[in-house]
$ cat run.csv   # CSV, C-alpha atoms and all ligand atoms
chain,number,residue,atom,x,y,z
A,134,MET,CA,31.6,-9.0,19.3
A,135,PHE,CA,29.4,-6.8,21.4
A,136,SER,CA,27.3,-7.5,24.5
A,137,PRO,CA,24.1,-9.5,23.8
A,138,PRO,CA,21.7,-6.5,24.2
A,139,ILE,CA,23.7,-4.5,21.7
A,140,ASN,CA,23.9,-7.4,19.3
A,141,ARG,CA,20.2,-7.8,19.6
A,142,LEU,CA,19.6,-4.1,18.7
A,143,ILE,CA,22.0,-4.4,15.7
A,144,GLY,CA,20.2,-7.5,14.6
A,145,GLU,CA,16.8,-5.9,14.7
A,146,LEU,CA,17.9,-2.8,13.0
A,147,SER,CA,19.6,-4.7,10.2
A,148,LYS,CA,16.2,-6.4,9.4
A,149,LEU,CA,14.9,-3.0,8.2
A,150,PRO,CA,14.8,-2.4,4.4
A,151,GLY,CA,18.0,-0.7,3.1
A,152,ILE,CA,19.8,-1.1,6.4
A,153,GLY,CA,23.0,-3.2,6.2
A,154,GLN,CA,25.1,-4.5,9.0
A,155,ARG,CA,27.4,-1.5,9.1
A,156,THR,CA,24.5,1.0,9.1
A,157,ALA,CA,22.7,-1.0,11.8
A,158,GLN,CA,25.8,-0.8,13.9
A,159,ARG,CA,26.1,2.9,13.4
A,160,LEU,CA,22.4,3.4,14.3
A,161,ALA,CA,22.8,1.2,17.4
A,162,PHE,CA,25.7,3.3,18.7
A,163,HIS,CA,23.8,6.5,17.9
A,164,LEU,CA,20.9,5.2,20.1
A,165,LEU,CA,23.3,4.3,22.9
A,166,ARG,CA,24.8,7.8,22.8
A,167,VAL,CA,21.5,9.9,22.7
A,168,PRO,CA,19.6,10.7,25.9
A,169,ASP,CA,17.1,8.1,27.1
A,170,THR,CA,14.1,10.2,26.2
A,171,GLU,CA,15.1,10.3,22.6
A,172,ALA,CA,15.9,6.7,22.2
A,173,LEU,CA,12.8,5.6,24.1
A,174,GLY,CA,10.7,8.0,22.0
A,175,LEU,CA,11.5,5.9,19.0
A,176,ALA,CA,10.7,2.7,20.8
A,177,ASP,CA,7.4,4.2,22.0
A,178,ALA,CA,6.5,5.4,18.5
A,179,ILE,CA,7.0,1.9,17.1
A,180,LYS,CA,5.0,0.4,19.9
A,181,GLU,CA,2.1,2.9,19.4
A,182,VAL,CA,1.8,2.4,15.6
A,183,LYS,CA,1.8,-1.4,16.1
A,184,GLU,CA,-0.9,-1.1,18.8
A,185,LYS,CA,-3.1,1.6,17.2
A,186,VAL,CA,-2.8,1.3,13.5
A,187,GLY,CA,-4.6,-1.6,11.8
A,188,LEU,CA,-6.3,-2.1,8.4
A,189,CYS,CA,-9.6,-0.5,7.3
A,190,GLU,CA,-12.4,-3.0,7.3
A,191,VAL,CA,-13.6,-1.8,3.9
A,192,CYS,CA,-10.5,-1.1,1.8
A,193,PHE,CA,-7.5,-2.5,3.9
A,194,ASN,CA,-5.7,0.8,3.9
A,195,LEU,CA,-4.0,1.8,7.1
A,196,ALA,CA,-6.5,3.0,9.7
A,197,ASP,CA,-6.5,4.0,13.4
A,198,ALA,CA,-10.3,3.2,13.5
A,199,PRO,CA,-12.4,0.5,12.0
A,200,ARG,CA,-12.6,2.5,8.8
A,201,CYS,CA,-9.9,4.6,7.3
A,202,ARG,CA,-10.4,8.4,6.8
A,203,ILE,CA,-11.0,8.0,3.0
A,204,CYS,CA,-13.8,5.4,3.5
A,205,ASP,CA,-15.3,7.5,6.2
A,206,ASP,CA,-15.4,10.7,4.1
A,207,GLU,CA,-18.9,11.2,2.8
A,208,ARG,CA,-17.7,13.4,-0.1
A,209,ARG,CA,-15.8,10.6,-1.8
A,210,ASP,CA,-17.4,9.0,-4.8
A,211,ARG,CA,-18.4,5.5,-3.8
A,212,SER,CA,-18.9,4.3,-7.4
A,213,ILE,CA,-15.2,4.2,-8.2
A,214,ILE,CA,-12.6,1.9,-6.6
A,215,CYS,CA,-8.9,2.3,-7.2
A,216,VAL,CA,-6.9,-0.9,-6.6
A,217,VAL,CA,-3.4,-0.5,-5.3
A,218,GLU,CA,-0.8,-3.0,-4.0
A,219,GLU,CA,0.3,-1.3,-0.8
A,220,PRO,CA,-1.0,1.4,1.6
A,221,ALA,CA,2.0,3.5,0.6
A,222,ASP,CA,0.5,3.7,-3.0
A,223,VAL,CA,-2.6,5.6,-1.8
A,224,ILE,CA,-0.5,8.6,-0.8
A,225,PRO,CA,0.9,9.6,-4.2
A,226,ILE,CA,-2.6,9.1,-5.8
A,227,GLU,CA,-4.2,11.3,-3.1
A,228,ARG,CA,-1.5,14.0,-3.8
A,229,THR,CA,-2.6,14.3,-7.4
A,230,HIS,CA,-6.0,15.6,-6.3
A,231,GLU,CA,-7.4,13.9,-9.5
A,232,TYR,CA,-9.0,11.0,-7.8
A,233,PRO,CA,-12.4,11.3,-6.1
A,234,GLY,CA,-13.2,7.7,-5.3
A,235,LEU,CA,-12.4,5.0,-2.8
A,236,TYR,CA,-9.5,2.5,-2.7
A,237,HIS,CA,-8.8,-1.2,-2.3
A,238,VAL,CA,-5.4,-2.2,-0.9
A,239,LEU,CA,-4.4,-5.7,-2.0
A,240,GLY,CA,-1.5,-6.1,0.3
A,241,GLY,CA,1.0,-7.0,-2.5
A,242,ALA,CA,1.0,-8.4,-6.0
A,243,LEU,CA,0.6,-11.9,-7.4
A,244,SER,CA,4.0,-13.6,-7.6
A,245,PRO,CA,3.8,-17.4,-7.8
A,246,ILE,CA,7.6,-17.6,-7.6
A,247,ASP,CA,7.6,-15.9,-4.2
A,248,GLY,CA,4.6,-18.0,-3.2
A,249,ILE,CA,2.1,-15.1,-3.3
A,250,ASP,CA,-1.1,-16.5,-4.6
A,251,PRO,CA,-4.6,-15.0,-4.9
A,252,GLU,CA,-5.6,-16.1,-1.4
A,253,ASP,CA,-2.7,-14.2,0.0
A,254,LEU,CA,-4.1,-10.9,-1.3
A,255,LYS,CA,-7.4,-9.1,-0.6
A,256,LEU,CA,-8.7,-10.2,-4.0
A,257,ALA,CA,-11.8,-12.0,-2.9
A,258,GLU,CA,-12.7,-9.0,-0.8
A,259,LEU,CA,-12.5,-6.8,-3.9
A,260,VAL,CA,-14.8,-9.0,-5.9
A,261,LYS,CA,-17.2,-9.0,-2.9
A,262,ARG,CA,-17.2,-5.2,-2.8
A,263,VAL,CA,-18.0,-5.0,-6.5
A,264,GLU,CA,-20.6,-7.7,-6.2
A,265,GLN,CA,-22.4,-5.7,-3.5
A,266,GLY,CA,-23.3,-3.2,-6.3
A,267,GLY,CA,-23.0,0.5,-6.6
A,268,VAL,CA,-19.6,0.3,-8.2
A,269,SER,CA,-19.3,1.6,-11.8
A,270,GLU,CA,-15.6,1.6,-12.3
A,271,VAL,CA,-12.5,-0.2,-10.9
A,272,VAL,CA,-9.3,1.5,-11.7
A,273,ILE,CA,-6.4,-0.9,-11.4
A,274,ALA,CA,-3.3,1.0,-10.2
A,275,THR,CA,-1.0,-1.9,-9.4
A,276,ASN,CA,2.7,-1.2,-10.2
A,277,PRO,CA,3.8,-1.3,-13.9
A,278,THR,CA,6.0,-4.3,-13.1
A,279,THR,CA,5.7,-8.0,-14.1
A,280,THR,CA,3.9,-8.9,-10.9
A,281,GLY,CA,1.7,-5.7,-11.0
A,282,GLU,CA,0.7,-6.4,-14.5
A,283,ALA,CA,-0.1,-10.1,-13.7
A,284,THR,CA,-2.3,-8.9,-10.8
A,285,ALA,CA,-4.1,-6.4,-13.1
A,286,PHE,CA,-5.0,-9.1,-15.6
A,287,TYR,CA,-6.1,-11.4,-12.8
A,288,ILE,CA,-8.5,-8.7,-11.4
A,289,ALA,CA,-9.8,-7.8,-14.9
A,290,GLU,CA,-10.6,-11.5,-15.5
A,291,ALA,CA,-12.2,-12.0,-12.1
A,292,LEU,CA,-14.4,-8.9,-12.5
A,293,ARG,CA,-15.4,-9.8,-16.1
A,294,GLU,CA,-16.8,-13.1,-14.8
A,295,LEU,CA,-19.1,-11.2,-12.5
A,296,ASP,CA,-22.6,-10.4,-13.6
A,297,CYS,CA,-22.0,-6.7,-12.9
A,298,GLU,CA,-21.9,-3.6,-15.2
A,299,VAL,CA,-18.5,-2.5,-14.1
A,300,ALA,CA,-15.8,-0.8,-16.2
A,301,VAL,CA,-12.3,-2.0,-15.4
A,302,THR,CA,-9.6,0.5,-16.3
A,303,ARG,CA,-5.8,0.6,-15.9
A,304,LEU,CA,-3.6,3.7,-15.3
A,305,ALA,CA,-2.3,5.1,-18.6
A,306,SER,CA,1.3,5.1,-19.7
A,307,GLY,CA,3.6,7.8,-18.5
A,308,LEU,CA,4.5,5.8,-15.5
A,309,PRO,CA,8.1,4.5,-15.7
A,310,VAL,CA,8.1,0.8,-16.5
A,311,GLY,CA,9.5,-1.3,-13.7
A,312,ALA,CA,9.1,1.5,-11.1
A,313,ASP,CA,7.1,1.7,-8.0
A,314,LEU,CA,4.1,3.9,-7.8
A,315,GLU,CA,5.3,5.2,-4.5
A,316,TYR,CA,8.2,7.0,-6.2
A,317,ALA,CA,6.2,8.6,-9.1
A,318,ASP,CA,5.9,12.3,-9.1
A,319,GLU,CA,2.4,13.9,-9.0
A,320,VAL,CA,2.4,15.3,-12.6
A,321,THR,CA,3.2,11.9,-14.1
A,322,LEU,CA,0.8,10.1,-11.9
A,323,GLY,CA,-1.9,12.6,-12.4
A,324,ARG,CA,-1.6,12.3,-16.1
A,325,ALA,CA,-1.6,8.5,-15.9
A,326,LEU,CA,-4.8,8.7,-13.9
A,327,THR,CA,-6.6,11.1,-16.2
A,328,GLY,CA,-5.7,9.0,-19.3
A,329,ARG,CA,-6.6,5.6,-17.8
A,330,ARG,CA,-7.8,3.0,-20.3
A,331,ALA,CA,-10.2,0.1,-20.4
A,332,LEU,CA,-8.6,-3.3,-19.6
B,401,ZN,ZN,-10.8,2.4,3.9
$ encode --input "run.csv" --output "structure tokens"
Amino acid sequence: MFSPPINRLIGELSKLPGIGQRTAQRLAFHLLRVPDTEALGLADAIKEVKEKVGLCEVCFNLADAPRCRICDDERRDRSIICVVEEPADVIPIERTHEYPGLYHVLGGALSPIDGIDPEDLKLAELVKRVEQGGVSEVVIATNPTTTGEATAFYIAEALRELDCEVAVTRLASGLPVGADLEYADEVTLGRALTGRRAL
């Protein structure tokens, strides 16, 4: 319907989450209309994050250096590790100011139906971190969804098999069932964190 470059842009935009064909078209025409500097600013920002932002070598959170800012912070309590599914889940937990420890970002949740097996997540890396010692508690903060729960139990089992004195806890209720951590408000999440229970 449009020229190939416009079709390509619409195609790329429509791959973004929550963007349908119509919205992609609207965005494409918006980008065609705005000054070059504005449109290319967006292209540049995308290029820059893809080039400069990688994963922390310790916790797999987003980082623009070998280690993320949290792992690099000497004031953080290294004896607690909070396990989350995605880098976006770190942000709401940080906002509660209730959590002093470090994180471990799995990169998703176990879901055999979708072909997501233990090897696809940073699970072995978590076990290795705990095995190295100095960790007294692992707080599992995967989403309260079917896949998040399955992942929590998998981790609890894997850590129980280790010869380490490590407490495994799960965020307490208060979190809406079936919802994403990313969308939880600070009060709810803070309460869930304070009231975490053994798993
Ligand atoms: Zn890190």
$ atom_distance --input "run.csv" --atom1 "CA of Tyr316 (chain A)" --atom2 "CA of Lys185 (chain A)"
26.5 Å
$ closest_atom_pairs --input "run.csv" --of "chain A" --to "ligand ZN 401 (chain B)" --cutoff "10 Å" --atoms "only C-alpha atoms and all ligand atoms" --output "JSON lines"
{"residue": "A:Leu188", "atom": "CA", "partner": "B:ZN401", "partner_atom": "ZN", "distance": 7.8}
{"residue": "A:Cys189", "atom": "CA", "partner": "B:ZN401", "partner_atom": "ZN", "distance": 4.6}
{"residue": "A:Glu190", "atom": "CA", "partner": "B:ZN401", "partner_atom": "ZN", "distance": 6.6}
{"residue": "A:Val191", "atom": "CA", "partner": "B:ZN401", "partner_atom": "ZN", "distance": 5.0}
{"residue": "A:Cys192", "atom": "CA", "partner": "B:ZN401", "partner_atom": "ZN", "distance": 4.1}
{"residue": "A:Phe193", "atom": "CA", "partner": "B:ZN401", "partner_atom": "ZN", "distance": 5.9}
{"residue": "A:Asn194", "atom": "CA", "partner": "B:ZN401", "partner_atom": "ZN", "distance": 5.3}
{"residue": "A:Leu195", "atom": "CA", "partner": "B:ZN401", "partner_atom": "ZN", "distance": 7.5}
{"residue": "A:Ala196", "atom": "CA", "partner": "B:ZN401", "partner_atom": "ZN", "distance": 7.2}
{"residue": "A:Ala198", "atom": "CA", "partner": "B:ZN401", "partner_atom": "ZN", "distance": 9.6}
{"residue": "A:Pro199", "atom": "CA", "partner": "B:ZN401", "partner_atom": "ZN", "distance": 8.5}
{"residue": "A:Arg200", "atom": "CA", "partner": "B:ZN401", "partner_atom": "ZN", "distance": 5.2}
{"residue": "A:Cys201", "atom": "CA", "partner": "B:ZN401", "partner_atom": "ZN", "distance": 4.1}
{"residue": "A:Arg202", "atom": "CA", "partner": "B:ZN401", "partner_atom": "ZN", "distance": 6.7}
{"residue": "A:Ile203", "atom": "CA", "partner": "B:ZN401", "partner_atom": "ZN", "distance": 5.7}
{"residue": "A:Cys204", "atom": "CA", "partner": "B:ZN401", "partner_atom": "ZN", "distance": 4.3}
{"residue": "A:Asp205", "atom": "CA", "partner": "B:ZN401", "partner_atom": "ZN", "distance": 7.2}
{"residue": "A:Asp206", "atom": "CA", "partner": "B:ZN401", "partner_atom": "ZN", "distance": 9.5}
{"residue": "A:Leu235", "atom": "CA", "partner": "B:ZN401", "partner_atom": "ZN", "distance": 7.4}
{"residue": "A:Tyr236", "atom": "CA", "partner": "B:ZN401", "partner_atom": "ZN", "distance": 6.7}
{"residue": "A:His237", "atom": "CA", "partner": "B:ZN401", "partner_atom": "ZN", "distance": 7.4}
{"residue": "A:Val238", "atom": "CA", "partner": "B:ZN401", "partner_atom": "ZN", "distance": 8.6}
$ residues_around --input "run.csv" --residues "Asn276 (chain A)" --least-positions-apart "4" --cutoff "12 Å" --atoms "all atoms listed in the file" --output "PyMOL selection string"
chain A and resi 216-219+221-222+239+241-243+280-285+303-306+308-317+322
$ closest_residue --input "run.csv" --among "A:Gln158, A:Pro245, A:Leu295, A:Glu290" --to "Leu332 (chain A)" --atoms "all atoms listed in the file"
A:Glu290
$ residues_around --input "run.csv" --residues "region 262-272 of chain A" --least-positions-apart "2" --cutoff "6 Å" --atoms "all atoms listed in the file" --output "compact mmCIF listing (two decimals) with C-alpha atoms, in the coordinates of the input"
# COMPACT_ATOMS: atom_id res chain seq x y z
CA SER A 212 -18.90 4.30 -7.40
CA ILE A 213 -15.20 4.20 -8.20
CA ILE A 214 -12.60 1.90 -6.60
CA CYS A 215 -8.90 2.30 -7.20
CA LEU A 259 -12.50 -6.80 -3.90
CA VAL A 260 -14.80 -9.00 -5.90
CA VAL A 299 -18.50 -2.50 -14.10
CA ALA A 300 -15.80 -0.80 -16.20
CA VAL A 301 -12.30 -2.00 -15.40
CA THR A 302 -9.60 0.50 -16.30
CA ARG A 303 -5.80 0.60 -15.90
$ atom_distance --input "run.csv" --atom1 "CA of Asn140 (chain A)" --atom2 "CA of Gln154 (chain A)"
10.8 Å
$ atom_distance --input "run.csv" --atom1 "CA of Lys183 (chain A)" --atom2 "CA of Asp197 (chain A)"
10.3 Å
$ closest_residue --input "run.csv" --among "A:Leu142, A:Ile179, A:Ala291, A:Ile224" --to "Asp318 (chain A)" --atoms "all atoms listed in the file"
A:Ile224
$ closest_residue --input "run.csv" --among "A:Ile143, A:Glu231, A:Leu173, A:Phe135" --to "Arg159 (chain A)" --atoms "only C-alpha atoms"
A:Ile143
$ axis_aligned_box --input "run.csv" --around "region 202-220 of chain A" --padding-each-side "8 Å" --output "AutoDock Vina command-line options"
--center_x -9.3 --center_y 5.2 --center_z -0.7 --size_x 35.2 --size_y 32.4 --size_z 31.0
$ build_atoms --input "run.csv" --residues "region 143-154 of chain A" --atoms "all heavy atoms" --output "compact mmCIF listing (two decimals), keeping the file's coordinate frame"
# COMPACT_ATOMS: atom_id res chain seq x y z
N ILE A 143 21.39 -4.38 17.07
CA ILE A 143 22.00 -4.40 15.70
C ILE A 143 21.24 -5.36 14.82
O ILE A 143 20.89 -5.05 13.68
CB ILE A 143 23.50 -4.69 15.77
CG1 ILE A 143 24.24 -3.57 16.52
CG2 ILE A 143 24.06 -4.87 14.36
CD1 ILE A 143 25.70 -3.89 16.84
N GLY A 144 20.95 -6.51 15.38
CA GLY A 144 20.20 -7.50 14.60
C GLY A 144 18.87 -7.06 14.17
O GLY A 144 18.49 -7.23 13.01
N GLU A 145 18.12 -6.42 15.08
CA GLU A 145 16.80 -5.90 14.70
C GLU A 145 16.85 -4.82 13.71
O GLU A 145 16.07 -4.79 12.77
CB GLU A 145 16.05 -5.43 16.01
CG GLU A 145 15.69 -6.51 17.01
CD GLU A 145 14.74 -7.57 16.45
OE1 GLU A 145 13.91 -7.24 15.59
OE2 GLU A 145 14.87 -8.74 16.87
N LEU A 146 17.80 -3.90 13.90
CA LEU A 146 17.90 -2.80 13.00
C LEU A 146 18.30 -3.25 11.57
O LEU A 146 17.82 -2.72 10.57
CB LEU A 146 18.95 -1.76 13.48
CG LEU A 146 18.55 -0.94 14.70
CD1 LEU A 146 19.76 -0.20 15.27
CD2 LEU A 146 17.44 0.05 14.35
N SER A 147 19.14 -4.27 11.51
CA SER A 147 19.60 -4.70 10.20
C SER A 147 18.51 -5.46 9.42
O SER A 147 18.66 -5.72 8.23
CB SER A 147 20.85 -5.62 10.33
OG SER A 147 20.50 -6.81 11.01
N LYS A 148 17.38 -5.75 10.08
CA LYS A 148 16.20 -6.40 9.40
C LYS A 148 15.46 -5.31 8.59
O LYS A 148 14.64 -5.65 7.74
CB LYS A 148 15.29 -7.03 10.36
CG LYS A 148 15.83 -8.30 11.00
CD LYS A 148 14.78 -8.85 11.97
CE LYS A 148 15.38 -9.89 12.90
NZ LYS A 148 14.46 -10.14 14.04
N LEU A 149 15.67 -4.02 8.90
CA LEU A 149 14.90 -3.00 8.20
C LEU A 149 15.39 -2.85 6.77
O LEU A 149 16.56 -3.06 6.47
CB LEU A 149 15.13 -1.62 8.95
CG LEU A 149 14.62 -1.55 10.38
CD1 LEU A 149 15.08 -0.26 11.04
CD2 LEU A 149 13.11 -1.64 10.43
N PRO A 150 14.45 -2.48 5.86
CA PRO A 150 14.80 -2.40 4.40
C PRO A 150 15.91 -1.34 4.23
O PRO A 150 15.82 -0.24 4.78
CB PRO A 150 13.53 -2.05 3.74
CG PRO A 150 12.63 -1.51 4.79
CD PRO A 150 13.04 -2.16 6.07
N GLY A 151 16.91 -1.68 3.46
CA GLY A 151 18.00 -0.70 3.10
C GLY A 151 19.01 -0.53 4.20
O GLY A 151 19.89 0.31 4.08
N ILE A 152 18.89 -1.27 5.31
CA ILE A 152 19.80 -1.10 6.40
C ILE A 152 20.76 -2.35 6.42
O ILE A 152 20.33 -3.46 6.75
CB ILE A 152 19.14 -0.99 7.77
CG1 ILE A 152 18.09 0.13 7.76
CG2 ILE A 152 20.16 -0.78 8.90
CD1 ILE A 152 18.63 1.54 7.78
N GLY A 153 22.01 -2.14 6.10
CA GLY A 153 23.00 -3.20 6.20
C GLY A 153 23.58 -3.35 7.55
O GLY A 153 23.24 -2.57 8.45
N GLN A 154 24.47 -4.28 7.72
CA GLN A 154 25.10 -4.50 9.00
C GLN A 154 25.83 -3.29 9.54
O GLN A 154 25.70 -2.93 10.71
CB GLN A 154 26.06 -5.72 8.86
CG GLN A 154 26.46 -6.38 10.18
CD GLN A 154 25.28 -7.05 10.89
OE1 GLN A 154 24.31 -7.47 10.25
NE2 GLN A 154 25.35 -7.13 12.21
